[in-house]
Amino acid sequence: MPLTDTRLRALKPKDKPYKVTDERGLYVEVTPTGGKLWRFRYRIGGAQKKLCIGSYPEISLKQARDVAYEARRAVASGGDPAFEKRKRKIRAEFLSAQTFEAVAREYIEQMMVQNGRADRRIPWSRRSAREAGTLDQGLETVRVDHFTIFADELLRTDPVIGAETRLVSLEVTRHLRPLRLKRLVRMHEIGSSHAIPMRNARSGKVALSVPARRLIADDGAVIERRRLLRPLNSANWTLEAIGESQWEEIGVTAFTSAWRAEEVEAAKSPVTELVHLATGLLLPVWKRLPGDHVRVTRLVAEDGQTIIGREVLDVDLAAVAETFGLSVVTGPSAEMIGDLVIASGKPLGLASHDALTVKRSLVGGEQRLELTGFSPDRLDWYKNKGCFTEIIRYRTRLFVPVSVASSVLPALAA
């Protein structure tokens, strides 16, 4: 029987998602959190496909039927509505990301003002756009409580206009902004096979398990993974690691209640962290900066202070110092290297008796910290410091336990 607005409003959530059919492939899916999502089901070449239309009542019954009608016409003419929708979304995201020009223009204007080659007044068109809230700034604005500059190193001076490029290190204090449950519900259908609510039996913390990109092991085996989304962070886990951990599935109601409690707790106290920014005239050195993490940020403090620059990660400090010949700037400490390598996947050097490199290696579906460059004659010494060896494919490999890397790596560097 076709749906009506009265029936739609009367639909109540259950423990698991369920579907209520309208007509000719159109149906509404009711999620455990109360969402009512329009879906259109169709077939192409014998394969069943699904087009996501939107949620009710934002998308009315009539609008959903109109979209389904147009989708049926597209299928009849040989098109694929879901594929076309993905193409439009990718194109929109691509176009919205083309904001480097706006950033570059702002840098150039700032440098020209500093060197007396431009008026300090904001052009009328930019001022009007800013007042209207439509100015494309091309960068991310991060609001913080306050920040303090504790290091400022010169990277380059332009030979023509004399403008400088500097590496600024700041101590930033800000309140955490956890992932809100309201946004999580919009992103994922909590309680479905795609988004499984979980709780750690030891810590009591909750996470939403969603699909993650697979990995290929050294022997060619495919390793399935899930991404555990939490209010303040997320991480990829193999299915084997999840099975051996304290994570267990829980109901949607218990999950949402615990997530809200973690939200409140996370937002209570401010945190202090170190941030490194390359500031000033960036265009001449843009390609010389590490390119794996490209983000231009404007920090805005409550007292009105602002600073704009391209972020430089801790893991990249040593490379920046080497590129620009900085003797004062050093890489991360031995205590930090393990966490940085596991998080970023970038190998880092460690000064010890041997010229060591700490890298992340996938062994048996587990992310490990491996040491390369060691002398085989010193294996007993490394083991006494907390390392362990394993023979893999007839080769002895040296590893540092991830859980105690913050104490073992400094011992090796001493």
# chains A, B, ... in the order shown; residues from 1 in each chain; ligands from 1

$ select_by_dssp --residues "segment 125-346 of chain A" --states "strand (DSSP E or B)" --output "ChimeraX atom specification"
/A:140-144,146-157,164-175,190,195-200,206-211,215-216,222-223,225-229,234-238,247-249,270-280,296-301,306-312

$ residues_around --residues "Met198 of chain A" --least-positions-apart "5" --cutoff "8 Å" --atoms "only C-alpha atoms" --output "list in words"
Val206, Ala207, Leu208, Ser209, Trp247, Glu248, Glu249, Ile250 and Phe255 of chain A

$ write_last_selection --atoms "N, CA and C atoms" --output "compact mmCIF listing (two decimals), in the first residue's frame"
# COMPACT_ATOMS: atom_id res chain seq x y z
N VAL A 206 33.07 4.32 24.48
CA VAL A 206 32.32 3.79 23.35
C VAL A 206 32.96 4.23 22.04
N ALA A 207 32.64 3.49 20.99
CA ALA A 207 33.13 3.79 19.64
C ALA A 207 32.12 3.25 18.64
N LEU A 208 32.09 3.87 17.47
CA LEU A 208 31.24 3.39 16.38
C LEU A 208 32.14 2.72 15.36
N SER A 209 31.89 1.45 15.09
CA SER A 209 32.71 0.67 14.16
C SER A 209 32.12 0.79 12.76
N TRP A 247 36.77 -4.63 23.10
CA TRP A 247 35.62 -4.01 22.45
C TRP A 247 34.52 -5.03 22.22
N GLU A 248 33.28 -4.63 22.54
CA GLU A 248 32.14 -5.52 22.38
C GLU A 248 30.93 -4.71 21.92
N GLU A 249 30.03 -5.35 21.20
CA GLU A 249 28.84 -4.67 20.67
C GLU A 249 27.87 -4.36 21.81
N ILE A 250 27.20 -3.20 21.68
CA ILE A 250 26.17 -2.82 22.66
C ILE A 250 24.96 -2.28 21.91
N PHE A 255 24.61 3.09 23.77
CA PHE A 255 25.69 3.77 23.03
C PHE A 255 25.48 5.28 23.00

$ atom_distance --atom1 "atom CA of Gly162 of chain A" --atom2 "atom CA of Gly304 of chain A"
27.6 Å

$ closest_residue --among "A:Ala82, A:Leu176, A:Cys387, A:Val185" --to "Pro32 of chain A" --atoms "only C-alpha atoms"
A:Val185

$ residues_around --residues "Arg24 of chain A" --least-positions-apart "6" --cutoff "10 Å" --atoms "only C-alpha atoms" --output "PyMOL selection string"
chain A and resi 2+40-42+65+68-69+72

$ write_last_selection --atoms "N, CA and C atoms" --output "PDB file, in the first residue's frame"
ATOM      1  N   PRO A   2       0.614   2.223  -0.897  1.00  0.00           N
ATOM      2  CA  PRO A   2       1.441   3.429  -0.948  1.00  0.00           C
ATOM      3  C   PRO A   2       1.455   4.174   0.386  1.00  0.00           C
ATOM      4  N   PHE A  40      15.683   4.571  -3.098  1.00  0.00           N
ATOM      5  CA  PHE A  40      15.060   4.084  -4.332  1.00  0.00           C
ATOM      6  C   PHE A  40      15.874   2.889  -4.822  1.00  0.00           C
ATOM      7  N   ARG A  41      15.207   1.763  -5.011  1.00  0.00           N
ATOM      8  CA  ARG A  41      15.862   0.522  -5.402  1.00  0.00           C
ATOM      9  C   ARG A  41      15.611   0.278  -6.886  1.00  0.00           C
ATOM     10  N   TYR A  42      16.677  -0.106  -7.623  1.00  0.00           N
ATOM     11  CA  TYR A  42      16.534  -0.368  -9.056  1.00  0.00           C
ATOM     12  C   TYR A  42      17.574  -1.395  -9.473  1.00  0.00           C
ATOM     13  N   ARG A  65       8.956  11.032  -4.420  1.00  0.00           N
ATOM     14  CA  ARG A  65       8.369  10.364  -5.589  1.00  0.00           C
ATOM     15  C   ARG A  65       8.836  10.994  -6.891  1.00  0.00           C
ATOM     16  N   ALA A  68      12.314   9.712  -7.513  1.00  0.00           N
ATOM     17  CA  ALA A  68      12.235   8.318  -7.958  1.00  0.00           C
ATOM     18  C   ALA A  68      11.760   8.232  -9.409  1.00  0.00           C
ATOM     19  N   TYR A  69      10.831   9.110  -9.781  1.00  0.00           N
ATOM     20  CA  TYR A  69      10.341   9.128 -11.165  1.00  0.00           C
ATOM     21  C   TYR A  69      11.473   9.475 -12.134  1.00  0.00           C
ATOM     22  N   ARG A  72      13.841   6.560 -12.439  1.00  0.00           N
ATOM     23  CA  ARG A  72      13.338   5.496 -13.313  1.00  0.00           C
ATOM     24  C   ARG A  72      13.533   5.863 -14.779  1.00  0.00           C
TER      25      ARG A  72
END

$ atom_distance --atom1 "atom CA of Thr157 of chain A" --atom2 "atom CA of Leu277 of chain A"
16.5 Å

$ atom_distance --atom1 "atom CA of Ala411 of chain A" --atom2 "atom CA of Arg395 of chain A"
25.0 Å

$ residues_around --residues "Glu262 of chain A" --least-positions-apart "2" --cutoff "12 Å" --atoms "only C-alpha atoms" --output "VMD selection string"
chain A and resid 176 to 181 203 to 207 230 to 233 255 to 260 264 to 268

$ residues_around --residues "segment 334-340 of chain A" --least-positions-apart "6" --cutoff "12 Å" --atoms "only C-alpha atoms" --output "PyMOL selection string"
chain A and resi 313-318+346-352+356-360+367-371+399-414

$ closest_residue --among "A:Val67, A:Ile242, A:Ile44, A:Val252" --to "Glu189 of chain A" --atoms "only C-alpha atoms"
A:Val252
